[in-house]
Amino acid sequence: MILALSLVPIDNLDAAIQELRDDLPECLQPSLDWFEDNYVGRVIRNGRGRRIALFPPHIWNLHQRVLNAQDRTKNHAEAANR
């Protein structure tokens with residue numbers, strides 16, 4: 001379920017993460033926290049945005065690439081091996 005976040009539009013990531021947080025079993029919450037810390041950025045306590053992520057969404061999000069029928073990887077050697 002967490003991997004599906006790569007196909008969500010970047011503008012809708014906050015809502016998708018919150019929905020996922022509400023539906024995930026308690027044992028998977030640490031995985032979602034890890035994903036949020038490293039790939040989206042943790043929400044700042046005062047609610048004014050997010051911290052900068054180690055790998056921001058514009059690097060890994062595939063939503064627009066799928067709509068444009070582009071390669072879903074930037075590693076063309078990997079794409080050639082499919």
# chains A, B, ... in the order shown; residues from 1 in each chain; ligands from 1
$ residues_around --residues "Ile2 in chain A" --least-positions-apart "4" --cutoff "9 Å" --atoms "only C-alpha atoms" --output "list of chain:residue names"
A:Ser6, A:Ile17, A:Leu20, A:Ser31, A:Leu32, A:Phe35
$ residues_around --residues "Val8 in chain A" --least-positions-apart "4" --cutoff "12 Å" --atoms "only C-alpha atoms" --output "list of chain:residue names"
A:Met1, A:Ile2, A:Leu3, A:Ala4, A:Asn12, A:Leu13, A:Asp14, A:Ala15, A:Ala16, A:Ile17, A:Pro57, A:His58, A:Trp60, A:Asn61, A:Leu62, A:His63, A:Gln64, A:Arg65, A:Val66, A:Leu67
$ select_by_dssp --residues "chain A" --states "helix (DSSP H, G or I)" --output "MDAnalysis selection string"
chainID A and resid 2:7 10:23 26:40 57:60 63:67 76:80
$ residues_around --residues "Val43 in chain A" --least-positions-apart "5" --cutoff "12 Å" --atoms "only C-alpha atoms" --output "number ranges by chain"
A: 14, 17-18, 33, 36-38, 48-53
